[in-house]
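Asks: So here's coords33.cif, just mmCIF, C-alpha atoms (C1' of nucleotides):
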```cif
data_start
loop_
_atom_site.group_PDB
_atom_site.id
_atom_site.type_symbol
_atom_site.label_atom_id
_atom_site.label_comp_id
_atom_site.auth_asym_id
_atom_site.auth_seq_id
_atom_site.Cartn_x
_atom_site.Cartn_y
_atom_site.Cartn_z
ATOM 1 C CA MET A 1111 -93.442 -151.384 155.413
ATOM 2 C CA LEU A 1112 -91.108 -150.388 152.661
ATOM 3 C CA VAL A 1113 -90.332 -153.067 150.101
ATOM 4 C CA ALA A 1114 -87.197 -152.121 148.169
ATOM 5 C CA ASP A 1115 -86.890 -153.604 144.674
ATOM 6 C CA ASN A 1116 -83.115 -153.580 145.245
ATOM 7 C CA ALA A 1117 -81.130 -150.375 145.331
ATOM 8 C CA THR A 1118 -83.634 -148.558 143.094
ATOM 9 C CA ALA A 1119 -86.876 -146.680 143.655
ATOM 10 C CA PRO A 1120 -88.807 -147.713 146.752
ATOM 11 C CA VAL A 1121 -92.277 -149.208 146.465
ATOM 12 C CA TYR A 1122 -94.918 -149.593 149.140
ATOM 13 C CA THR A 1123 -97.564 -152.147 149.987
ATOM 14 C CA ILE A 1124 -101.124 -150.943 150.105
ATOM 15 C CA GLY A 1125 -100.997 -150.930 153.903
ATOM 16 C CA GLU A 1126 -97.947 -148.716 153.979
ATOM 17 C CA CYS A 1127 -99.411 -146.509 151.290
ATOM 18 C CA ALA A 1128 -102.570 -146.149 153.353
ATOM 19 C CA ARG A 1129 -100.519 -145.134 156.368
ATOM 20 C CA ARG A 1130 -98.557 -142.591 154.359
ATOM 21 C CA SER A 1131 -101.372 -141.155 152.268
ATOM 22 C CA GLY A 1132 -104.068 -140.938 154.895
ATOM 23 C CA PHE A 1133 -106.511 -142.933 152.808
ATOM 24 C CA SER A 1134 -107.731 -146.341 153.938
ATOM 25 C CA MET A 1135 -106.726 -149.420 151.963
ATOM 26 C CA ASP A 1136 -110.317 -149.817 150.865
ATOM 27 C CA THR A 1137 -110.402 -146.248 149.668
ATOM 28 C CA LEU A 1138 -107.187 -146.729 147.713
ATOM 29 C CA ARG A 1139 -108.644 -149.745 145.941
ATOM 30 C CA TYR A 1140 -111.885 -147.861 145.396
ATOM 31 C CA TYR A 1141 -110.031 -144.891 143.912
ATOM 32 C CA GLU A 1142 -108.150 -147.181 141.587
ATOM 33 C CA ARG A 1143 -111.376 -148.875 140.550
ATOM 34 C CA ILE A 1144 -113.105 -145.630 139.635
ATOM 35 C CA GLY A 1145 -110.091 -144.254 137.826
ATOM 36 C CA LEU A 1146 -108.910 -141.664 140.320
ATOM 37 C CA ILE A 1147 -105.512 -143.307 140.302
ATOM 38 C CA ASP A 1148 -103.982 -145.122 137.368
ATOM 39 C CA GLU A 1149 -103.645 -148.865 137.523
ATOM 40 C CA VAL A 1150 -101.111 -149.434 140.235
ATOM 41 C CA ARG A 1151 -98.032 -151.575 139.529
ATOM 42 C CA ARG A 1152 -98.218 -155.116 140.865
ATOM 43 C CA ASN A 1153 -95.622 -157.598 142.012
ATOM 44 C CA ALA A 1154 -95.362 -161.075 140.467
ATOM 45 C CA THR A 1155 -98.320 -162.402 142.443
ATOM 46 C CA GLY A 1156 -100.602 -159.446 141.852
ATOM 47 C CA GLN A 1157 -100.138 -157.440 145.030
ATOM 48 C CA ARG A 1158 -100.090 -153.687 144.581
ATOM 49 C CA ARG A 1159 -96.794 -151.871 144.857
ATOM 50 C CA PHE A 1160 -97.198 -148.122 145.142
ATOM 51 C CA THR A 1161 -94.412 -145.782 144.114
ATOM 52 C CA ASP A 1162 -93.400 -142.361 145.403
ATOM 53 C CA GLY A 1163 -95.083 -140.970 142.309
ATOM 54 C CA ASP A 1164 -98.314 -142.639 143.320
ATOM 55 C CA LEU A 1165 -97.968 -141.156 146.784
ATOM 56 C CA GLU A 1166 -97.425 -137.702 145.367
ATOM 57 C CA TRP A 1167 -100.562 -137.990 143.271
ATOM 58 C CA LEU A 1168 -102.443 -139.249 146.302
ATOM 59 C CA GLY A 1169 -101.286 -136.146 148.140
ATOM 60 C CA THR A 1170 -102.870 -134.030 145.444
ATOM 61 C CA LEU A 1171 -106.067 -136.049 145.630
ATOM 62 C CA LYS A 1172 -106.124 -135.706 149.402
ATOM 63 C CA CYS A 1173 -105.813 -131.979 149.087
ATOM 64 C CA LEU A 1174 -108.628 -131.732 146.582
ATOM 65 C CA ARG A 1175 -110.778 -134.124 148.564
ATOM 66 C CA ASP A 1176 -110.230 -132.395 151.893
ATOM 67 C CA THR A 1177 -111.084 -129.058 150.350
ATOM 68 C CA GLY A 1178 -114.438 -130.407 149.314
ATOM 69 C CA MET A 1179 -113.996 -131.371 145.695
ATOM 70 C CA PRO A 1180 -116.461 -134.116 144.761
ATOM 71 C CA VAL A 1181 -115.004 -137.408 143.601
ATOM 72 C CA GLU A 1182 -116.518 -136.933 140.170
ATOM 73 C CA GLN A 1183 -114.629 -133.712 139.590
ATOM 74 C CA MET A 1184 -111.418 -135.272 140.872
ATOM 75 C CA ALA A 1185 -111.972 -137.991 138.294
ATOM 76 C CA ARG A 1186 -112.233 -135.344 135.582
ATOM 77 C CA PHE A 1187 -108.978 -133.842 136.786
ATOM 78 C CA ALA A 1188 -107.337 -137.268 136.827
ATOM 79 C CA ALA A 1189 -108.490 -137.825 133.251
ATOM 80 C CA LEU A 1190 -106.950 -134.518 132.202
ATOM 81 C CA VAL A 1191 -103.645 -135.482 133.789
ATOM 82 C CA ARG A 1192 -103.735 -138.813 131.989
ATOM 83 C CA ASP A 1193 -104.451 -137.098 128.686
ATOM 84 C CA GLY A 1194 -101.139 -135.302 128.585
ATOM 85 C CA ASP A 1195 -99.665 -131.839 128.612
ATOM 86 C CA HIS A 1196 -102.086 -130.271 126.158
ATOM 87 C CA THR A 1197 -104.723 -130.372 128.916
ATOM 88 C CA ILE A 1198 -102.727 -128.087 131.182
ATOM 89 C CA PRO A 1199 -104.791 -124.957 130.391
ATOM 90 C CA GLU A 1200 -107.931 -126.832 131.313
ATOM 91 C CA ARG A 1201 -106.336 -128.172 134.490
ATOM 92 C CA ILE A 1202 -105.500 -124.603 135.431
ATOM 93 C CA ARG A 1203 -109.092 -123.549 134.837
ATOM 94 C CA LEU A 1204 -110.371 -126.397 136.969
ATOM 95 C CA LEU A 1205 -107.993 -125.670 139.837
ATOM 96 C CA GLU A 1206 -108.697 -121.955 139.698
ATOM 97 C CA ALA A 1207 -112.414 -122.538 139.901
ATOM 98 C CA HIS A 1208 -111.795 -124.817 142.831
ATOM 99 C CA ARG A 1209 -109.591 -122.275 144.542
ATOM 100 C CA VAL A 1210 -112.369 -119.728 144.255
ATOM 101 C CA ALA A 1211 -114.680 -122.188 145.961
ATOM 102 C CA VAL A 1212 -112.105 -122.880 148.671
ATOM 103 C CA ASP A 1213 -111.607 -119.163 149.284
ATOM 104 C CA ALA A 1214 -115.341 -118.726 149.624
ATOM 105 C CA SER A 1215 -115.603 -121.527 152.115
ATOM 106 C CA LEU A 1216 -112.650 -120.115 154.055
ATOM 107 C CA ASP A 1217 -114.454 -116.795 154.357
ATOM 108 C CA ASP A 1218 -117.661 -118.499 155.312
ATOM 109 C CA LEU A 1219 -115.962 -120.691 157.872
ATOM 110 C CA ALA A 1220 -114.150 -117.726 159.426
ATOM 111 C CA ALA A 1221 -117.388 -115.783 159.735
ATOM 112 C CA LYS A 1222 -119.078 -118.728 161.368
ATOM 113 C CA ARG A 1223 -116.173 -119.261 163.724
ATOM 114 C CA ASP A 1224 -116.718 -115.676 164.857
ATOM 115 C CA TYR A 1225 -120.406 -116.337 165.353
ATOM 116 C CA ILE A 1226 -119.526 -119.305 167.548
ATOM 117 C CA SER A 1227 -117.045 -117.177 169.486
ATOM 118 C CA GLY A 1228 -119.782 -114.637 170.011
ATOM 119 C CA LYS A 1229 -122.086 -117.316 171.299
ATOM 120 C CA ILE A 1230 -119.438 -118.525 173.729
ATOM 121 C CA ALA A 1231 -118.814 -114.985 174.931
ATOM 122 C CA TYR A 1232 -122.514 -114.512 175.426
ATOM 123 C CA TYR A 1233 -122.846 -117.706 177.461
ATOM 124 C CA ARG A 1234 -119.865 -116.650 179.551
ATOM 125 C CA SER A 1235 -121.544 -113.325 180.263
ATOM 126 C CA VAL A 1236 -124.724 -114.928 181.570
ATOM 127 C CA MET B 839 -145.010 -114.953 153.223
ATOM 128 C CA LEU B 840 -145.416 -113.376 156.615
ATOM 129 C CA VAL B 841 -148.599 -114.266 158.447
ATOM 130 C CA ALA B 842 -149.205 -111.731 161.235
ATOM 131 C CA ASP B 843 -151.284 -112.951 164.157
ATOM 132 C CA ASN B 844 -152.562 -109.377 164.483
ATOM 133 C CA ALA B 845 -150.332 -106.543 165.605
ATOM 134 C CA THR B 846 -148.141 -108.897 167.653
ATOM 135 C CA ALA B 847 -145.143 -111.103 166.897
ATOM 136 C CA PRO B 848 -144.846 -112.242 163.287
ATOM 137 C CA VAL B 849 -144.996 -115.924 162.393
ATOM 138 C CA TYR B 850 -143.905 -117.650 159.221
ATOM 139 C CA THR B 851 -145.130 -120.582 157.172
ATOM 140 C CA ILE B 852 -142.684 -123.379 156.619
ATOM 141 C CA GLY B 853 -142.070 -122.160 153.085
ATOM 142 C CA GLU B 854 -141.132 -118.705 154.247
ATOM 143 C CA CYS B 855 -139.058 -120.131 157.052
ATOM 144 C CA ALA B 856 -137.198 -122.284 154.541
ATOM 145 C CA ARG B 857 -136.490 -119.220 152.420
ATOM 146 C CA ARG B 858 -135.234 -117.276 155.412
ATOM 147 C CA SER B 859 -133.267 -119.984 157.155
ATOM 148 C CA GLY B 860 -131.617 -121.586 154.170
ATOM 149 C CA PHE B 861 -132.927 -125.037 155.091
ATOM 150 C CA SER B 862 -135.399 -126.842 152.853
ATOM 151 C CA MET B 863 -138.943 -127.441 154.088
ATOM 152 C CA ASP B 864 -138.189 -131.135 154.261
ATOM 153 C CA THR B 865 -135.104 -130.485 156.329
ATOM 154 C CA LEU B 866 -137.072 -128.294 158.718
ATOM 155 C CA ARG B 867 -139.628 -131.042 159.255
ATOM 156 C CA TYR B 868 -136.813 -133.568 159.610
ATOM 157 C CA TYR B 869 -135.031 -131.403 162.189
ATOM 158 C CA GLU B 870 -138.228 -131.089 164.158
ATOM 159 C CA ARG B 871 -138.797 -134.836 164.021
ATOM 160 C CA ILE B 872 -135.354 -135.673 165.382
ATOM 161 C CA GLY B 873 -135.541 -133.032 168.093
ATOM 162 C CA LEU B 874 -133.144 -130.451 166.671
ATOM 163 C CA ILE B 875 -135.882 -127.888 166.950
ATOM 164 C CA ASP B 876 -138.626 -127.901 169.549
ATOM 165 C CA GLU B 877 -142.134 -128.703 168.481
ATOM 166 C CA VAL B 878 -143.095 -125.800 166.312
ATOM 167 C CA ARG B 879 -146.295 -123.888 167.039
ATOM 168 C CA ARG B 880 -149.228 -124.744 164.802
ATOM 169 C CA ASN B 881 -152.260 -122.845 163.589
ATOM 170 C CA ALA B 882 -155.784 -124.160 164.170
ATOM 171 C CA THR B 883 -155.560 -126.668 161.333
ATOM 172 C CA GLY B 884 -152.128 -127.981 162.186
ATOM 173 C CA GLN B 885 -149.895 -126.014 159.845
ATOM 174 C CA ARG B 886 -146.584 -124.916 161.289
ATOM 175 C CA ARG B 887 -146.066 -121.292 162.218
ATOM 176 C CA PHE B 888 -142.449 -120.431 162.886
ATOM 177 C CA THR B 889 -141.506 -117.483 165.083
ATOM 178 C CA ASP B 890 -138.514 -115.148 164.992
ATOM 179 C CA GLY B 891 -137.194 -117.143 167.915
ATOM 180 C CA ASP B 892 -137.338 -120.302 165.825
ATOM 181 C CA LEU B 893 -135.490 -118.522 163.039
ATOM 182 C CA GLU B 894 -132.789 -117.380 165.404
ATOM 183 C CA TRP B 895 -132.282 -120.923 166.626
ATOM 184 C CA LEU B 896 -132.204 -122.123 163.043
ATOM 185 C CA GLY B 897 -129.452 -119.587 162.400
ATOM 186 C CA THR B 898 -127.429 -121.173 165.169
ATOM 187 C CA LEU B 899 -128.074 -124.627 163.792
ATOM 188 C CA LYS B 900 -127.045 -123.489 160.326
ATOM 189 C CA CYS B 901 -123.815 -122.170 161.685
ATOM 190 C CA LEU B 902 -123.020 -125.358 163.535
ATOM 191 C CA ARG B 903 -124.061 -127.482 160.581
ATOM 192 C CA ASP B 904 -122.051 -125.501 158.043
ATOM 193 C CA THR B 905 -118.984 -125.689 160.232
ATOM 194 C CA GLY B 906 -119.173 -129.457 160.128
ATOM 195 C CA MET B 907 -120.901 -130.399 163.357
ATOM 196 C CA PRO B 908 -122.683 -133.733 162.974
ATOM 197 C CA VAL B 909 -126.434 -133.746 163.453
ATOM 198 C CA GLU B 910 -126.093 -135.958 166.507
ATOM 199 C CA GLN B 911 -123.942 -133.424 168.319
ATOM 200 C CA MET B 912 -126.300 -130.633 167.355
ATOM 201 C CA ALA B 913 -129.058 -132.698 168.913
ATOM 202 C CA ARG B 914 -127.058 -132.916 172.124
ATOM 203 C CA PHE B 915 -126.643 -129.161 172.093
ATOM 204 C CA ALA B 916 -130.370 -128.710 171.456
ATOM 205 C CA ALA B 917 -131.116 -130.955 174.417
ATOM 206 C CA LEU B 918 -128.859 -128.860 176.624
ATOM 207 C CA VAL B 919 -130.646 -125.701 175.566
ATOM 208 C CA ARG B 920 -133.989 -127.321 176.327
ATOM 209 C CA ASP B 921 -132.777 -128.398 179.759
ATOM 210 C CA GLY B 922 -132.360 -124.849 181.006
ATOM 211 C CA ASP B 923 -129.754 -122.457 182.240
ATOM 212 C CA HIS B 924 -127.894 -124.880 184.460
ATOM 213 C CA THR B 925 -126.514 -126.511 181.300
ATOM 214 C CA ILE B 926 -124.731 -123.340 180.197
ATOM 215 C CA PRO B 927 -121.283 -124.474 181.385
ATOM 216 C CA GLU B 928 -121.663 -127.635 179.355
ATOM 217 C CA ARG B 929 -122.875 -125.689 176.340
ATOM 218 C CA ILE B 930 -119.759 -123.560 176.604
ATOM 219 C CA ARG B 931 -117.598 -126.666 176.723
ATOM 220 C CA LEU B 932 -119.336 -128.086 173.672
ATOM 221 C CA LEU B 933 -119.001 -124.889 171.678
ATOM 222 C CA GLU B 934 -115.376 -124.426 172.685
ATOM 223 C CA ALA B 935 -114.525 -127.927 171.562
ATOM 224 C CA HIS B 936 -116.282 -127.209 168.328
ATOM 225 C CA ARG B 937 -114.437 -123.938 167.859
ATOM 226 C CA VAL B 938 -111.152 -125.754 168.296
ATOM 227 C CA ALA B 939 -112.235 -128.120 165.533
ATOM 228 C CA VAL B 940 -113.281 -125.228 163.320
ATOM 229 C CA ASP B 941 -109.962 -123.461 163.887
ATOM 230 C CA ALA B 942 -108.141 -126.627 162.945
ATOM 231 C CA SER B 943 -110.099 -127.005 159.782
ATOM 232 C CA LEU B 944 -109.524 -123.338 158.937
ATOM 233 C CA ASP B 945 -105.787 -123.883 159.237
ATOM 234 C CA ASP B 946 -105.978 -127.042 157.236
ATOM 235 C CA LEU B 947 -108.089 -125.447 154.547
ATOM 236 C CA ALA B 948 -105.753 -122.453 154.279
ATOM 237 C CA ALA B 949 -102.735 -124.734 153.918
ATOM 238 C CA LYS B 950 -104.474 -126.705 151.242
ATOM 239 C CA ARG B 951 -105.550 -123.579 149.414
ATOM 240 C CA ASP B 952 -101.856 -122.662 149.271
ATOM 241 C CA TYR B 953 -101.014 -126.083 147.935
ATOM 242 C CA ILE B 954 -103.577 -125.582 145.179
ATOM 243 C CA SER B 955 -102.156 -122.137 144.443
ATOM 244 C CA GLY B 956 -98.732 -123.693 144.164
ATOM 245 C CA LYS B 957 -100.079 -126.273 141.767
ATOM 246 C CA ILE B 958 -101.639 -123.564 139.619
ATOM 247 C CA ALA B 959 -98.404 -121.572 139.632
ATOM 248 C CA TYR B 960 -96.523 -124.665 138.603
ATOM 249 C CA TYR B 961 -98.878 -125.383 135.726
ATOM 250 C CA ARG B 962 -98.591 -121.781 134.604
ATOM 251 C CA SER B 963 -94.807 -122.084 134.585
ATOM 252 C CA VAL B 964 -94.838 -125.118 132.294
ATOM 253 C "C1'" DG C 265 -92.009 -174.755 157.297
ATOM 254 C "C1'" DT C 266 -95.749 -173.197 159.702
ATOM 255 C "C1'" DT C 267 -98.329 -169.664 161.710
ATOM 256 C "C1'" DT C 268 -99.729 -164.962 161.756
ATOM 257 C "C1'" DG C 269 -101.176 -161.531 159.318
ATOM 258 C "C1'" DC C 270 -101.262 -158.789 154.992
ATOM 259 C "C1'" DG C 271 -103.168 -158.699 150.468
ATOM 260 C "C1'" DT C 272 -106.610 -160.216 146.628
ATOM 261 C "C1'" DT C 273 -111.444 -160.006 144.377
ATOM 262 C "C1'" DG C 274 -116.402 -158.839 143.427
ATOM 263 C "C1'" DG C 275 -120.116 -157.509 145.358
ATOM 264 C "C1'" DA C 276 -123.017 -156.249 149.099
ATOM 265 C "C1'" DG C 277 -123.774 -153.191 152.985
ATOM 266 C "C1'" DT C 278 -123.448 -148.877 155.690
ATOM 267 C "C1'" DC C 279 -123.790 -144.241 157.106
ATOM 268 C "C1'" DC C 280 -125.273 -139.656 156.984
ATOM 269 C "C1'" DA C 281 -128.235 -136.293 155.946
ATOM 270 C "C1'" DC C 282 -131.460 -135.478 153.780
ATOM 271 C "C1'" DT C 283 -135.206 -135.813 149.878
ATOM 272 C "C1'" DC C 284 -139.126 -137.588 147.734
ATOM 273 C "C1'" DC C 285 -143.694 -139.604 147.479
ATOM 274 C "C1'" DA C 286 -148.698 -140.475 147.743
ATOM 275 C "C1'" DG C 287 -152.735 -139.153 149.120
ATOM 276 C "C1'" DG C 288 -154.794 -136.081 151.497
ATOM 277 C "C1'" DT C 289 -156.199 -131.076 153.700
ATOM 278 C "C1'" DC C 290 -155.897 -125.924 153.834
ATOM 279 C "C1'" DT C 291 -155.245 -121.294 152.054
ATOM 280 C "C1'" DT C 292 -155.731 -117.650 149.064
ATOM 281 C "C1'" DA C 293 -156.232 -115.040 144.728
ATOM 282 C "C1'" DG C 294 -159.527 -113.955 141.454
ATOM 283 C "C1'" DC D 80 -167.030 -120.528 144.583
ATOM 284 C "C1'" DT D 81 -163.251 -122.512 142.551
ATOM 285 C "C1'" DA D 82 -158.769 -123.469 141.087
ATOM 286 C "C1'" DA D 83 -154.039 -123.289 142.041
ATOM 287 C "C1'" DG D 84 -150.835 -123.770 145.042
ATOM 288 C "C1'" DA D 85 -148.945 -124.500 149.927
ATOM 289 C "C1'" DC D 86 -148.946 -127.621 153.604
ATOM 290 C "C1'" DC D 87 -149.787 -132.126 156.204
ATOM 291 C "C1'" DT D 88 -148.153 -137.180 157.505
ATOM 292 C "C1'" DG D 89 -145.548 -141.599 157.629
ATOM 293 C "C1'" DG D 90 -142.615 -143.989 155.343
ATOM 294 C "C1'" DA D 91 -139.693 -145.162 151.545
ATOM 295 C "C1'" DG D 92 -135.866 -143.802 148.568
ATOM 296 C "C1'" DT D 93 -131.521 -141.348 147.278
ATOM 297 C "C1'" DG D 94 -126.652 -139.964 146.724
ATOM 298 C "C1'" DG D 95 -122.111 -139.742 147.915
ATOM 299 C "C1'" DA D 96 -118.337 -141.867 149.577
ATOM 300 C "C1'" DC D 97 -116.810 -145.151 151.291
ATOM 301 C "C1'" DT D 98 -116.533 -149.758 154.181
ATOM 302 C "C1'" DC D 99 -117.141 -154.476 155.001
ATOM 303 C "C1'" DC D 100 -117.353 -159.352 153.825
ATOM 304 C "C1'" DA D 101 -116.083 -164.139 152.556
ATOM 305 C "C1'" DA D 102 -113.088 -167.016 150.843
ATOM 306 C "C1'" DC D 103 -109.088 -167.277 149.357
ATOM 307 C "C1'" DG D 104 -103.572 -166.650 148.121
ATOM 308 C "C1'" DC D 105 -98.951 -164.724 149.691
ATOM 309 C "C1'" DA D 106 -95.355 -162.956 152.723
ATOM 310 C "C1'" DA D 107 -92.156 -162.833 156.243
ATOM 311 C "C1'" DA D 108 -90.739 -163.827 161.062
ATOM 312 C "C1'" DC D 109 -89.138 -167.192 163.875
#
```
What would you get if you wrote out this structure as structure tokens?
Replies:
Amino acid sequence: MLVADNATAPVYTIGECARRSGFSMDTLRYYERIGLIDEVRRNATGQRRFTDGDLEWLGTLKCLRDTGMPVEQMARFAALVRDGDHTIPERIRLLEAHRVAVDASLDDLAAKRDYISGKIAYYRSV
Amino acid sequence: MLVADNATAPVYTIGECARRSGFSMDTLRYYERIGLIDEVRRNATGQRRFTDGDLEWLGTLKCLRDTGMPVEQMARFAALVRDGDHTIPERIRLLEAHRVAVDASLDDLAAKRDYISGKIAYYRSV
DNA sequence: GTTTGCGTTGGAGTCCACTCCAGGTCTTAG
DNA sequence: CTAAGACCTGGAGTGGACTCCAACGCAAAC
């Protein structure tokens, strides 16, 4: 659930962040450990408190992940983001290369969907 | 390379079959072991000789595999095919369910491609 | 203020789908 | 005939990406 600091920016427990981001709590901790997400803010006793900014970044990660980018390349992207604005041209290059890959897999997937449809039609005709 | 029996149906060594199917030799042997492909014909000394029929089936497997079907479900499909024509209605059900999944992942992938495009456009605008 | 359950850590374990290996046999090009 | 290269088997190993565990500390609901 949401844990408001007071009237300021909302923060979320790891459980709530998991629910909202679509990653499991274990995966969130794992991603933090390997540097995919920056060190997350903690409350006084050390529990993680995710911000809306964290969630937005997790949305980007989810998109990259779900489109087949390997964790290692996501880590490179995360490092670029950490390194500041002068890495923007390189981030663009990375995302463009990835988009090319995604487009290719879209085409491939569509062709294979048609093959499956053909197979179904064939079975129906038997 | 192609190893013709005589003037009849062509057969292929595992290496050639790998080249043509897009699966590695190890994967072909693995698929045979777990029942994804029927026992492959052998020559006198026990080497595998794949037929065009085997290759066609491998094409189907490749399609299912590349569209994200788990090996276990492919094995179920293979078992249905082995069991004869009375399993055709069930094969249709299986393929239709899979096509629904493929359509969903096409939609998802397209949406995420757009998200990536948006990200690129944003970076370009900075 | 206590119980129920959420969160912490480091490290080990799991799952899937291959992939590799050793130690041998077979095939084929020259 | 021989040497290089393809193929055989059973079983072990790999890689990627988590996922689970134990043993503990905190939180928050009543």
Asks: Could you expand the PyMOL selection byres ((chain B) within 9 of (chain D)) into the explicit residues it covers here, written as a PDB file with C-alpha atoms, in the coordinates of the input?
Replies:
```pdb
ATOM      1  CA  THR B 851    -145.130-120.582 157.172  1.00  0.00           C
ATOM      2  CA  ILE B 852    -142.684-123.379 156.619  1.00  0.00           C
ATOM      3  CA  GLY B 853    -142.070-122.160 153.085  1.00  0.00           C
ATOM      4  CA  GLY B 884    -152.128-127.981 162.186  1.00  0.00           C
ATOM      5  CA  GLN B 885    -149.895-126.014 159.845  1.00  0.00           C
ATOM      6  CA  ARG B 886    -146.584-124.916 161.289  1.00  0.00           C
TER       7      ARG B 886
END
```
Asks: With a distance cut-off of 10 Å and all atoms listed in the file, select the neighbouring residues of Trp895 of chain B, excluding the residue or stretch itself and same-chain residues fewer than 2 positions from it, and output the selection as a ChimeraX atom specification.
Replies: /B:859,874-876,889-893,897-901,916
Asks: Please tabulate, as a tab-separated table, the residues of chain B that come within 6 Å of chain A, each with its closest pair of atoms and the distance in Å to one decimal, counting only C-alpha atoms and ordering rows by chain, then residue number upward.
Replies:
```
residue	atom	partner	partner_atom	distance
B:Cys901	CA	A:Lys1222	CA	5.9
B:Ile930	CA	A:Ile1230	CA	5.8
B:Lys950	CA	A:Cys1173	CA	5.9
B:Ile958	CA	A:Ile1202	CA	5.8
```
Asks: Distance cut-off 8 Å, counting only C-alpha atoms (C1' of nucleotides) - which residues of chain C neighbour chain A? Return them as a list in words.
Replies: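 Listed by rising number, the hits are DC270, DG271 and DT272 of chain C.
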Asks: May I ask for the distance between atom CA of Pro1180 of chain A and atom CA of Arg1139 of chain A, given in Å to one decimal place?
Replies: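 Interatomic distance, atom CA of Pro1180 of chain A to atom CA of Arg1139 of chain A: 17.5 Å.
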Asks: Can you work out the spacing between atom CA of Phe861 of chain B and atom CA of Leu896 of chain B in Å, to one decimal?
Replies: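 Atom CA of Phe861 of chain B sits 8.5 Å away from atom CA of Leu896 of chain B.
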Asks: By how many Å are atom CA of Phe1160 of chain A and atom CA of Pro1120 of chain A apart?
Replies: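 Separation between atom CA of Phe1160 of chain A and atom CA of Pro1120 of chain A: 8.6 Å.
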Asks: Using the chain letters and residue numbers of this document, give as a PyMOL selection string the residues selected by the PyMOL selection byres ((chain C and resi 274-288) around 7).
Replies: (chain B and resi 865) or (chain C and resi 273+289)
